[in-house]
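Below is one structure, written out as structure tokens; the observations come after it.
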Amino acid sequence: MAFLELSKVRKQFSNVAAPAVQDFNLSVERGEFVSFLGPSGCGKTTTLRMIAGFEHPTVGKIVINGKEVTGVAANKRKIGMVFQSYALFPNMTVADNIGFGLRVAKRPKAEIEPRVQEMLKLIHLEDKAKRYPAQLSGGQQQRVALARALAIKPELLLLDEPLSALDAKIRVSLRNEIRAIQRQTGVTAIYVTHDQEEAMSLSDRIVVMSEGRMEQVGTPFEIYNFPQTQFVASFVGTLNRMQARVADPSAGALEVEGQPLTAARAVEANRGETIAIALRPEMIHLAKGTEGVEMNHLNGAVEETTFLGSIVRTRVRLRDSVISFDTFNNPNLALPQRGEMLSVVFPREAILLLKGPSAAQESAV
Amino acid sequence: MKRSTFWGLFWVTLAALYLFLPLWGAFDFSLRAERDVIGFASYTRAFADDDFWRTFTFSNQMAFVSIIVSVLLIVPTAYWVQLKLPHLRPVVEFITLLPFVIPAIILVFGYIKLYSSPLELGPLTIFPALTNTDLSTNVLLIAGYVVLALPYMYRSVDNGLRAIDVRTLTEAAQSLGAGWFTIMFRIIMPNLRAALLSGALLTFAIVVGELTLATFLGRPAFGPYLQQLGQHKAYEPAALSIVSFLLTWLAMILIYFVTRGSNAQVTGAH
Ligand SMILES: Nc1ncnc2c1ncn2[C@@H]1O[C@H](COP(=O)(O)OP(=O)(O)OP(=O)(O)O)[C@@H](O)[C@H]1O
Ligand SMILES: [Mg+2]
């Protein structure tokens, strides 16, 4: 049995019509690092707060380590929590903050002090033990918050956008530190973020959420390479999404803006129907004219070229659709010019057939 | 000099004169207790009176208990409203303003009417008449003081609570295993230090100077003493007024430094 189990969890706030979370089923193994990824308001925090015990599910069951905790109070769950705003106790020193949970549990002093030292060492802040939170930088405060949460040896560590109040550079170094500490302690972690890069780089598995639902659960590799819904495709990575008309379902023949394409597999739709497809930008190249017939071609006019240093991002417009793709910078080649007609090529496997809400709804996301 | 600066100075000077002239008058008057001598004779005499010390001590004790009671009553209430019932905040604010609308005389007559006879439910006496003993009358007096101080104490505490992230701190403490008692006394109260101090000093100022409640409940408080003194003597009340002004100012300066200190700690080194 999994370490953490959420089954059929639903949360309905009394003053809102749409449920904040619905039909949430998830099993997390011991020691796993799982991220909840999704746009603002999709229910990530609400789900996390139900696991923590700050909210109670309207329907459904939460089991931690074989014990049902659905009705258990937050302060009886032994779950470590790290907040976006750090939430350190301003009236206590760093050491007192870290030792708070142990003091509440009435552990002997002989146990608390070494544990606090151990935690300070873990976050490399041994010299700041006597400081007050207001005398630390944001990154340092968040490390103290992490140490405070881990000091009680929680069964589960929950982190709600712990890095989003920090600036970009610290964000990257601290997220690596969080992951290293999580590996070192072996604690099971749930990490909420709306930053896909953060989720990708940290997680064993990612839960992509939208409007209170789980859209897809999988490893970062699966989520990125094989998005199953339009939403996942649009939210993760920088996919080119477009509408295609089905020309021949069994042969995988499609048409985009009047130009023929062939997918690697059969299409589950009827002839003449419009479906959503996506193209991975890293699989698209400029045509050299030497490609075989098994490659797909699309022609359009250059709308914009952006020089990003090591790579050049080019946007090509085909009537209503836009394809964006990256090429490596090459000082010997001229950049494509605005208005220039181009042909791009990509293999059949580059076409992802998406299911999910129709185009009209999709464009609103 | 620019016109605006001139008028600014003008109004400030006018306000200062308005405030300080009577005070200076009282001070000057208090120094002339003996014919043709400027000196502190009225102060010495006022402090030499046993009744002064008795009533002053009594009022201080009442103030101390009133402060404790109102903190224990108001901090959890304001905390709970902020945490769980934010939509009730306007109602609570309105209630805390009632003492401004209802004069103390009405309050004290209400108390006397209600509590001067035992409260009985059929054959059962729920509590005896509270005005029978000094101790139980003091209870009534303190209850009244807590009501009078309510607007000030509530506002101080509420402002203090708004300055900290009550909800997240509560949840952080809960996730670390803390119960309500621990949260209240180890997290919330210590972080309201400055707010509680200013609320307490205002309560103190109100209680020590209060006249109506103490007079009608017949308790030997400082307010009635000062008032009686004023009817028989001229210089001593002036001297005591000056002393109480100085005490109040001392309190204000204390509030100023404590709040400033805590702000520096919160917004300090980032
Ligand atoms: N206490 C509440 N009462 C009513 N509605 C709520 C409450 N908390 C959250 N909601 C609603 O539930 C939905 C999900 O909110 P939630 O905070 O879980 O989103 P989120 O994914 O964490 O978003 P963000 O990335 O902005 O933090 C939102 O529509 C929100 O308005
Ligand atoms: Mg959130």
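Letters A, B, ... mark the chains of the structure tokens in the order given; residue numbers begin at 1 per chain; ligand numbers begin at 1, in order shown.
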
What are the DSSP strand (DSSP E) residues of region 68-272 of chain A, as number ranges by chain?
A: 68, 79-82, 156-160, 188-193, 205-210, 213-218, 240-248, 253-256, 259-262

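For ligand 2, the neighbouring protein, DNA and RNA residues, which are those within 8 Å when only C-alpha atoms and all ligand atoms are counted, are Ser40, Gly41, Gly43, Lys44, Thr45, Thr46, Asp160, Glu161, Val192 and Thr193 of chain A.
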
Please return, as a list in words, all residues of chain A lying within 8 Å of chain B when only C-alpha atoms are considered.
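Those within range of chain B come out as Ala52, Phe54, Ala74, Asn75, Lys76, Arg77, Lys78, Ile79, Gly80, Met81, Val82, Phe83, Ala87, Leu88, Phe89, Pro90, Asn91, Phe100, Gly101, Val104, Ala105, Ala134, Gln135, Leu136, Ser137, Gly138, Ala149 and Ile152 of chain A.
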
For the residues selected in the previous step, produce a file with N, CA, C and O atoms as a compact mmCIF listing (two decimals), in the first residue's frame.
```txt
# COMPACT_ATOMS: atom_id res chain seq x y z
N ALA A 52 -2.61 18.46 4.89
CA ALA A 52 -2.05 18.98 6.14
C ALA A 52 -3.08 18.97 7.26
O ALA A 52 -2.72 18.97 8.44
N PHE A 54 -5.60 21.40 7.41
CA PHE A 54 -6.14 22.75 7.61
C PHE A 54 -7.51 22.89 6.95
O PHE A 54 -8.26 23.80 7.26
N ALA A 74 -4.99 19.06 12.45
CA ALA A 74 -3.69 19.35 11.84
C ALA A 74 -2.54 19.14 12.82
O ALA A 74 -1.48 18.64 12.44
N ASN A 75 -2.75 19.52 14.09
CA ASN A 75 -1.63 19.42 15.02
C ASN A 75 -1.41 18.01 15.56
O ASN A 75 -0.56 17.78 16.39
N LYS A 76 -2.19 17.06 15.05
CA LYS A 76 -1.98 15.67 15.46
C LYS A 76 -1.43 14.83 14.30
O LYS A 76 -1.34 13.62 14.38
N ARG A 77 -1.10 15.48 13.17
CA ARG A 77 -0.76 14.69 11.99
C ARG A 77 0.73 14.47 11.80
O ARG A 77 1.14 13.66 10.99
N LYS A 78 1.55 15.26 12.50
CA LYS A 78 3.00 15.13 12.36
C LYS A 78 3.43 15.32 10.90
O LYS A 78 4.10 14.47 10.32
N ILE A 79 2.98 16.42 10.35
CA ILE A 79 3.33 16.73 8.98
C ILE A 79 4.10 18.04 8.98
O ILE A 79 3.68 19.01 9.61
N GLY A 80 5.24 18.06 8.31
CA GLY A 80 6.02 19.30 8.21
C GLY A 80 5.46 20.16 7.09
O GLY A 80 5.03 19.66 6.06
N MET A 81 5.42 21.47 7.34
CA MET A 81 4.84 22.34 6.32
C MET A 81 5.74 23.55 6.12
O MET A 81 6.21 24.16 7.08
N VAL A 82 5.97 23.88 4.84
CA VAL A 82 6.77 25.06 4.51
C VAL A 82 5.89 25.99 3.68
O VAL A 82 5.27 25.56 2.71
N PHE A 83 5.82 27.26 4.10
CA PHE A 83 4.90 28.20 3.47
C PHE A 83 5.64 29.17 2.56
O PHE A 83 6.82 29.45 2.76
N ALA A 87 6.70 32.20 7.28
CA ALA A 87 5.94 31.99 8.52
C ALA A 87 6.82 31.61 9.70
O ALA A 87 6.42 30.82 10.54
N LEU A 88 8.00 32.18 9.78
CA LEU A 88 8.81 31.98 10.99
C LEU A 88 8.21 32.80 12.11
O LEU A 88 7.59 33.84 11.86
N PHE A 89 8.37 32.34 13.35
CA PHE A 89 7.84 33.08 14.48
C PHE A 89 8.75 34.27 14.76
O PHE A 89 9.90 34.08 15.15
N PRO A 90 8.26 35.49 14.58
CA PRO A 90 9.15 36.67 14.66
C PRO A 90 9.73 36.88 16.05
O PRO A 90 10.77 37.52 16.18
N ASN A 91 9.06 36.34 17.07
CA ASN A 91 9.52 36.57 18.44
C ASN A 91 10.57 35.57 18.89
O ASN A 91 11.01 35.63 20.02
N PHE A 100 11.02 24.61 18.08
CA PHE A 100 9.66 24.81 18.58
C PHE A 100 8.83 23.52 18.62
O PHE A 100 8.22 23.20 19.63
N GLY A 101 8.85 22.79 17.52
CA GLY A 101 8.05 21.57 17.44
C GLY A 101 8.44 20.56 18.50
O GLY A 101 7.59 19.88 19.08
N VAL A 104 7.19 21.81 21.89
CA VAL A 104 5.76 21.56 22.01
C VAL A 104 5.52 20.09 22.36
O VAL A 104 4.66 19.76 23.17
N ALA A 105 6.32 19.22 21.76
CA ALA A 105 6.16 17.78 22.03
C ALA A 105 6.79 17.38 23.36
O ALA A 105 6.83 16.20 23.69
N ALA A 134 13.82 38.44 11.26
CA ALA A 134 13.89 39.69 10.51
C ALA A 134 15.32 40.07 10.15
O ALA A 134 15.55 40.94 9.32
N GLN A 135 16.28 39.40 10.78
CA GLN A 135 17.68 39.73 10.49
C GLN A 135 18.28 38.79 9.45
O GLN A 135 19.49 38.76 9.26
N LEU A 136 17.42 38.01 8.78
CA LEU A 136 17.91 37.07 7.77
C LEU A 136 17.38 37.45 6.40
O LEU A 136 16.35 38.11 6.28
N SER A 137 18.07 37.00 5.36
CA SER A 137 17.56 37.21 4.00
C SER A 137 16.40 36.24 3.77
O SER A 137 16.20 35.29 4.52
N GLY A 138 15.64 36.48 2.70
CA GLY A 138 14.51 35.62 2.39
C GLY A 138 14.93 34.16 2.22
O GLY A 138 14.28 33.25 2.75
N ALA A 149 10.50 22.62 9.95
CA ALA A 149 9.53 21.60 9.58
C ALA A 149 10.13 20.20 9.71
O ALA A 149 9.43 19.26 10.09
N ILE A 152 11.01 17.95 13.53
CA ILE A 152 10.13 17.02 14.25
C ILE A 152 10.10 15.65 13.58
O ILE A 152 9.29 14.81 13.93
```

What does the list of residues within 10 Å of ligand 1 look like if you count only C-alpha atoms and all ligand atoms, written as an mmCIF file with N, CA, C and O atoms, in the first residue's frame?
```
data_model
loop_
_atom_site.group_PDB
_atom_site.id
_atom_site.type_symbol
_atom_site.label_atom_id
_atom_site.label_comp_id
_atom_site.auth_asym_id
_atom_site.auth_seq_id
_atom_site.Cartn_x
_atom_site.Cartn_y
_atom_site.Cartn_z
ATOM 1 N N LYS A 11 -13.363 18.895 -2.638
ATOM 2 C CA LYS A 11 -13.547 19.991 -1.696
ATOM 3 C C LYS A 11 -14.456 21.029 -2.321
ATOM 4 O O LYS A 11 -14.173 21.561 -3.393
ATOM 5 N N GLN A 12 -15.535 21.272 -1.621
ATOM 6 C CA GLN A 12 -16.505 22.260 -2.085
ATOM 7 C C GLN A 12 -16.588 23.340 -1.020
ATOM 8 O O GLN A 12 -16.979 23.065 0.104
ATOM 9 N N PHE A 13 -16.187 24.574 -1.350
ATOM 10 C CA PHE A 13 -16.366 25.662 -0.392
ATOM 11 C C PHE A 13 -17.807 26.123 -0.460
ATOM 12 O O PHE A 13 -18.383 26.209 -1.550
ATOM 13 N N SER A 14 -18.378 26.429 0.685
ATOM 14 C CA SER A 14 -19.818 26.689 0.720
ATOM 15 C C SER A 14 -20.206 27.923 -0.091
ATOM 16 O O SER A 14 -21.300 28.014 -0.617
ATOM 17 N N ASN A 15 -19.273 28.892 -0.199
ATOM 18 C CA ASN A 15 -19.646 30.139 -0.867
ATOM 19 C C ASN A 15 -19.280 30.177 -2.349
ATOM 20 O O ASN A 15 -19.383 31.210 -2.991
ATOM 21 N N VAL A 16 -18.799 29.054 -2.895
ATOM 22 C CA VAL A 16 -18.427 29.018 -4.312
ATOM 23 C C VAL A 16 -19.144 27.852 -4.984
ATOM 24 O O VAL A 16 -19.263 26.772 -4.403
ATOM 25 N N ALA A 17 -19.628 28.098 -6.195
ATOM 26 C CA ALA A 17 -20.387 27.061 -6.882
ATOM 27 C C ALA A 17 -19.488 25.902 -7.329
ATOM 28 O O ALA A 17 -19.754 24.736 -7.038
ATOM 29 N N ALA A 18 -18.391 26.241 -8.026
ATOM 30 C CA ALA A 18 -17.531 25.183 -8.551
ATOM 31 C C ALA A 18 -16.676 24.596 -7.433
ATOM 32 O O ALA A 18 -16.178 25.323 -6.591
ATOM 33 N N PRO A 19 -16.523 23.271 -7.400
ATOM 34 C CA PRO A 19 -15.657 22.686 -6.371
ATOM 35 C C PRO A 19 -14.206 23.116 -6.585
ATOM 36 O O PRO A 19 -13.760 23.239 -7.725
ATOM 37 N N ALA A 20 -13.500 23.365 -5.483
ATOM 38 C CA ALA A 20 -12.097 23.782 -5.586
ATOM 39 C C ALA A 20 -11.229 22.605 -6.013
ATOM 40 O O ALA A 20 -10.246 22.769 -6.723
ATOM 41 N N VAL A 21 -11.622 21.398 -5.557
ATOM 42 C CA VAL A 21 -10.907 20.174 -5.924
ATOM 43 C C VAL A 21 -11.959 19.103 -6.124
ATOM 44 O O VAL A 21 -12.925 19.034 -5.368
ATOM 45 N N PHE A 36 2.687 19.236 -7.350
ATOM 46 C CA PHE A 36 1.406 19.636 -7.931
ATOM 47 C C PHE A 36 1.694 20.849 -8.789
ATOM 48 O O PHE A 36 2.163 21.868 -8.281
ATOM 49 N N LEU A 37 1.399 20.733 -10.070
ATOM 50 C CA LEU A 37 1.706 21.813 -10.998
ATOM 51 C C LEU A 37 0.414 22.276 -11.652
ATOM 52 O O LEU A 37 -0.388 21.452 -12.087
ATOM 53 N N GLY A 38 0.219 23.576 -11.741
ATOM 54 C CA GLY A 38 -0.982 24.073 -12.405
ATOM 55 C C GLY A 38 -1.084 25.565 -12.249
ATOM 56 O O GLY A 38 -0.373 26.158 -11.440
ATOM 57 N N PRO A 39 -1.975 26.173 -13.017
ATOM 58 C CA PRO A 39 -2.099 27.628 -12.968
ATOM 59 C C PRO A 39 -2.765 28.084 -11.671
ATOM 60 O O PRO A 39 -3.284 27.268 -10.907
ATOM 61 N N SER A 40 -2.776 29.367 -11.446
ATOM 62 C CA SER A 40 -3.351 29.941 -10.238
ATOM 63 C C SER A 40 -4.826 29.562 -10.111
ATOM 64 O O SER A 40 -5.568 29.597 -11.089
ATOM 65 N N GLY A 41 -5.221 29.156 -8.922
ATOM 66 C CA GLY A 41 -6.631 28.852 -8.672
ATOM 67 C C GLY A 41 -7.060 27.450 -9.061
ATOM 68 O O GLY A 41 -8.247 27.138 -9.012
ATOM 69 N N CYS A 42 -6.118 26.576 -9.425
ATOM 70 C CA CYS A 42 -6.517 25.246 -9.890
ATOM 71 C C CYS A 42 -6.722 24.271 -8.734
ATOM 72 O O CYS A 42 -7.101 23.133 -8.947
ATOM 73 N N GLY A 43 -6.442 24.692 -7.502
ATOM 74 C CA GLY A 43 -6.732 23.825 -6.364
ATOM 75 C C GLY A 43 -5.513 23.162 -5.741
ATOM 76 O O GLY A 43 -5.658 22.273 -4.904
ATOM 77 N N LYS A 44 -4.324 23.577 -6.113
ATOM 78 C CA LYS A 44 -3.104 22.969 -5.557
ATOM 79 C C LYS A 44 -3.023 23.174 -4.047
ATOM 80 O O LYS A 44 -2.837 22.232 -3.286
ATOM 81 N N THR A 45 -3.161 24.433 -3.647
ATOM 82 C CA THR A 45 -3.051 24.741 -2.221
ATOM 83 C C THR A 45 -4.155 24.054 -1.432
ATOM 84 O O THR A 45 -3.911 23.502 -0.361
ATOM 85 N N THR A 46 -5.359 24.075 -1.971
ATOM 86 C CA THR A 46 -6.474 23.445 -1.272
ATOM 87 C C THR A 46 -6.187 21.964 -1.038
ATOM 88 O O THR A 46 -6.417 21.441 0.056
ATOM 89 N N THR A 47 -5.674 21.277 -2.050
ATOM 90 C CA THR A 47 -5.356 19.860 -1.893
ATOM 91 C C THR A 47 -4.288 19.671 -0.819
ATOM 92 O O THR A 47 -4.404 18.819 0.064
ATOM 93 N N LEU A 48 -3.257 20.502 -0.887
ATOM 94 C CA LEU A 48 -2.173 20.419 0.094
ATOM 95 C C LEU A 48 -2.701 20.667 1.506
ATOM 96 O O LEU A 48 -2.326 19.976 2.456
ATOM 97 N N ARG A 49 -3.591 21.653 1.627
ATOM 98 C CA ARG A 49 -4.129 21.984 2.948
ATOM 99 C C ARG A 49 -5.022 20.859 3.486
ATOM 100 O O ARG A 49 -5.139 20.696 4.697
ATOM 101 N N MET A 50 -5.630 20.108 2.586
ATOM 102 C CA MET A 50 -6.415 18.961 3.056
ATOM 103 C C MET A 50 -5.486 17.869 3.572
ATOM 104 O O MET A 50 -5.783 17.213 4.565
ATOM 105 N N GLU A 55 -7.786 22.033 5.982
ATOM 106 C CA GLU A 55 -9.120 21.970 5.386
ATOM 107 C C GLU A 55 -9.538 20.511 5.457
ATOM 108 O O GLU A 55 -8.691 19.616 5.499
ATOM 109 N N GLN A 84 4.910 29.706 1.616
ATOM 110 C CA GLN A 84 5.480 30.699 0.704
ATOM 111 C C GLN A 84 6.044 31.892 1.474
ATOM 112 O O GLN A 84 7.090 32.426 1.150
ATOM 113 N N ASP A 160 4.380 24.669 0.003
ATOM 114 C CA ASP A 160 3.466 25.422 -0.856
ATOM 115 C C ASP A 160 4.200 26.604 -1.483
ATOM 116 O O ASP A 160 4.387 27.623 -0.828
ATOM 117 N N GLU A 161 4.603 26.453 -2.709
ATOM 118 C CA GLU A 161 5.347 27.488 -3.439
ATOM 119 C C GLU A 161 6.428 28.120 -2.558
ATOM 120 O O GLU A 161 6.454 29.340 -2.380
ATOM 121 N N VAL A 192 4.137 22.156 -4.064
ATOM 122 C CA VAL A 192 3.195 22.884 -4.918
ATOM 123 C C VAL A 192 3.928 23.999 -5.651
ATOM 124 O O VAL A 192 4.713 24.736 -5.053
ATOM 125 N N THR A 193 3.682 24.095 -6.947
ATOM 126 C CA THR A 193 4.319 25.159 -7.723
ATOM 127 C C THR A 193 3.504 25.458 -8.974
ATOM 128 O O THR A 193 2.720 24.627 -9.423
ATOM 129 N N HIS A 194 3.669 26.669 -9.505
ATOM 130 C CA HIS A 194 3.088 26.892 -10.829
ATOM 131 C C HIS A 194 4.188 27.090 -11.866
ATOM 132 O O HIS A 194 3.934 27.494 -12.991
ATOM 133 N N ASP A 195 5.418 26.766 -11.435
ATOM 134 C CA ASP A 195 6.568 26.941 -12.304
ATOM 135 C C ASP A 195 6.956 25.570 -12.860
ATOM 136 O O ASP A 195 7.407 24.690 -12.133
ATOM 137 N N MET A 209 -2.538 19.889 -12.676
ATOM 138 C CA MET A 209 -3.920 20.159 -12.281
ATOM 139 C C MET A 209 -4.495 21.330 -13.055
ATOM 140 O O MET A 209 -3.771 22.240 -13.451
ATOM 141 N N SER A 210 -5.803 21.267 -13.259
ATOM 142 C CA SER A 210 -6.497 22.382 -13.888
ATOM 143 C C SER A 210 -7.925 22.411 -13.390
ATOM 144 O O SER A 210 -8.600 21.369 -13.362
ATOM 145 N N GLU A 211 -8.366 23.545 -12.964
ATOM 146 C CA GLU A 211 -9.736 23.738 -12.500
ATOM 147 C C GLU A 211 -10.197 22.661 -11.529
ATOM 148 O O GLU A 211 -11.283 22.106 -11.662
ATOM 149 N N GLY A 212 -9.358 22.366 -10.565
ATOM 150 C CA GLY A 212 -9.732 21.425 -9.519
ATOM 151 C C GLY A 212 -9.598 19.963 -9.890
ATOM 152 O O GLY A 212 -9.849 19.091 -9.076
#
```

Which residues come within 12 Å of Val108 (chain B), counting only C-alpha atoms, excluding same-chain residues fewer than 3 positions away, as an MDAnalysis selection string?
chainID B and resid 99 102:105 111:116 131 137 140:145 147:148 211:218

Output file for the selection above: N, CA, C and O atoms, as an mmCIF file, in the first residue's frame:
```cif
data_model
loop_
_atom_site.group_PDB
_atom_site.id
_atom_site.type_symbol
_atom_site.label_atom_id
_atom_site.label_comp_id
_atom_site.auth_asym_id
_atom_site.auth_seq_id
_atom_site.Cartn_x
_atom_site.Cartn_y
_atom_site.Cartn_z
ATOM 1 N N PRO B 99 -19.148 51.684 24.231
ATOM 2 C CA PRO B 99 -18.832 52.514 25.404
ATOM 3 C C PRO B 99 -18.704 53.999 25.079
ATOM 4 O O PRO B 99 -18.868 54.833 25.967
ATOM 5 N N ILE B 102 -22.650 54.899 25.038
ATOM 6 C CA ILE B 102 -23.380 54.743 26.297
ATOM 7 C C ILE B 102 -22.558 55.367 27.418
ATOM 8 O O ILE B 102 -21.469 54.894 27.713
ATOM 9 N N PRO B 103 -23.061 56.411 28.058
ATOM 10 C CA PRO B 103 -22.294 57.071 29.115
ATOM 11 C C PRO B 103 -22.087 56.142 30.309
ATOM 12 O O PRO B 103 -22.909 55.265 30.577
ATOM 13 N N ALA B 104 -20.994 56.370 31.022
ATOM 14 C CA ALA B 104 -20.636 55.525 32.161
ATOM 15 C C ALA B 104 -21.734 55.526 33.218
ATOM 16 O O ALA B 104 -21.973 54.524 33.893
ATOM 17 N N ILE B 105 -22.433 56.648 33.321
ATOM 18 C CA ILE B 105 -23.478 56.753 34.348
ATOM 19 C C ILE B 105 -24.598 55.756 34.075
ATOM 20 O O ILE B 105 -25.144 55.127 34.983
ATOM 21 N N TYR B 111 -25.674 48.354 36.126
ATOM 22 C CA TYR B 111 -25.025 47.371 36.998
ATOM 23 C C TYR B 111 -25.721 47.292 38.351
ATOM 24 O O TYR B 111 -26.027 46.219 38.852
ATOM 25 N N ILE B 112 -25.952 48.487 38.927
ATOM 26 C CA ILE B 112 -26.532 48.511 40.272
ATOM 27 C C ILE B 112 -27.921 47.889 40.265
ATOM 28 O O ILE B 112 -28.278 47.083 41.116
ATOM 29 N N LYS B 113 -28.678 48.241 39.231
ATOM 30 C CA LYS B 113 -30.036 47.717 39.140
ATOM 31 C C LYS B 113 -30.013 46.197 39.017
ATOM 32 O O LYS B 113 -30.789 45.487 39.653
ATOM 33 N N LEU B 114 -29.109 45.713 38.199
ATOM 34 C CA LEU B 114 -29.073 44.289 37.879
ATOM 35 C C LEU B 114 -28.447 43.457 38.990
ATOM 36 O O LEU B 114 -28.902 42.362 39.293
ATOM 37 N N TYR B 115 -27.397 43.975 39.629
ATOM 38 C CA TYR B 115 -26.610 43.121 40.508
ATOM 39 C C TYR B 115 -26.764 43.431 41.993
ATOM 40 O O TYR B 115 -26.115 42.817 42.817
ATOM 41 N N SER B 116 -27.606 44.425 42.345
ATOM 42 C CA SER B 116 -27.731 44.726 43.767
ATOM 43 C C SER B 116 -28.706 43.786 44.464
ATOM 44 O O SER B 116 -28.825 43.795 45.676
ATOM 45 N N THR B 131 -23.295 43.730 45.104
ATOM 46 C CA THR B 131 -22.912 44.973 45.771
ATOM 47 C C THR B 131 -22.820 44.812 47.282
ATOM 48 O O THR B 131 -22.577 45.778 47.984
ATOM 49 N N THR B 137 -18.047 43.984 44.858
ATOM 50 C CA THR B 137 -18.251 45.279 44.211
ATOM 51 C C THR B 137 -17.039 45.613 43.336
ATOM 52 O O THR B 137 -17.177 46.174 42.253
ATOM 53 N N LEU B 140 -17.486 44.108 40.065
ATOM 54 C CA LEU B 140 -18.334 44.944 39.205
ATOM 55 C C LEU B 140 -17.548 46.119 38.642
ATOM 56 O O LEU B 140 -17.659 46.460 37.461
ATOM 57 N N LEU B 141 -16.757 46.737 39.522
ATOM 58 C CA LEU B 141 -15.975 47.899 39.111
ATOM 59 C C LEU B 141 -15.023 47.529 37.970
ATOM 60 O O LEU B 141 -14.936 48.236 36.954
ATOM 61 N N ILE B 142 -14.362 46.386 38.154
ATOM 62 C CA ILE B 142 -13.411 45.948 37.122
ATOM 63 C C ILE B 142 -14.143 45.638 35.822
ATOM 64 O O ILE B 142 -13.699 46.014 34.734
ATOM 65 N N ALA B 143 -15.297 44.992 35.949
ATOM 66 C CA ALA B 143 -16.084 44.708 34.746
ATOM 67 C C ALA B 143 -16.391 46.008 34.017
ATOM 68 O O ALA B 143 -16.274 46.100 32.788
ATOM 69 N N GLY B 144 -16.759 47.034 34.787
ATOM 70 C CA GLY B 144 -17.055 48.333 34.181
ATOM 71 C C GLY B 144 -15.825 48.935 33.523
ATOM 72 O O GLY B 144 -15.893 49.429 32.397
ATOM 73 N N TYR B 145 -14.697 48.875 34.214
ATOM 74 C CA TYR B 145 -13.460 49.411 33.636
ATOM 75 C C TYR B 145 -13.102 48.705 32.332
ATOM 76 O O TYR B 145 -12.657 49.331 31.360
ATOM 77 N N VAL B 147 -15.101 47.408 30.256
ATOM 78 C CA VAL B 147 -15.988 47.922 29.212
ATOM 79 C C VAL B 147 -15.504 49.294 28.728
ATOM 80 O O VAL B 147 -15.420 49.549 27.535
ATOM 81 N N LEU B 148 -15.161 50.170 29.678
ATOM 82 C CA LEU B 148 -14.725 51.515 29.282
ATOM 83 C C LEU B 148 -13.450 51.468 28.439
ATOM 84 O O LEU B 148 -13.259 52.278 27.539
ATOM 85 N N LEU B 211 -14.078 58.489 37.292
ATOM 86 C CA LEU B 211 -14.810 59.060 38.410
ATOM 87 C C LEU B 211 -16.160 58.372 38.644
ATOM 88 O O LEU B 211 -16.478 57.920 39.739
ATOM 89 N N THR B 212 -16.942 58.283 37.578
ATOM 90 C CA THR B 212 -18.344 57.899 37.710
ATOM 91 C C THR B 212 -18.549 56.517 38.331
ATOM 92 O O THR B 212 -19.263 56.373 39.327
ATOM 93 N N LEU B 213 -17.941 55.500 37.723
ATOM 94 C CA LEU B 213 -18.158 54.130 38.196
ATOM 95 C C LEU B 213 -17.776 54.009 39.667
ATOM 96 O O LEU B 213 -18.541 53.487 40.483
ATOM 97 N N ALA B 214 -16.581 54.518 39.985
ATOM 98 C CA ALA B 214 -16.077 54.360 41.350
ATOM 99 C C ALA B 214 -16.965 55.099 42.340
ATOM 100 O O ALA B 214 -17.266 54.595 43.427
ATOM 101 N N THR B 215 -17.428 56.297 41.961
ATOM 102 C CA THR B 215 -18.271 57.070 42.866
ATOM 103 C C THR B 215 -19.571 56.326 43.163
ATOM 104 O O THR B 215 -19.938 56.138 44.318
ATOM 105 N N PHE B 216 -20.239 55.875 42.121
ATOM 106 C CA PHE B 216 -21.557 55.280 42.331
ATOM 107 C C PHE B 216 -21.487 53.892 42.934
ATOM 108 O O PHE B 216 -22.420 53.437 43.570
ATOM 109 N N LEU B 217 -20.355 53.206 42.720
ATOM 110 C CA LEU B 217 -20.203 51.908 43.376
ATOM 111 C C LEU B 217 -19.582 52.085 44.754
ATOM 112 O O LEU B 217 -19.388 51.112 45.483
ATOM 113 N N GLY B 218 -19.240 53.335 45.087
ATOM 114 C CA GLY B 218 -18.748 53.630 46.429
ATOM 115 C C GLY B 218 -17.402 53.004 46.749
ATOM 116 O O GLY B 218 -17.178 52.536 47.865
#
```
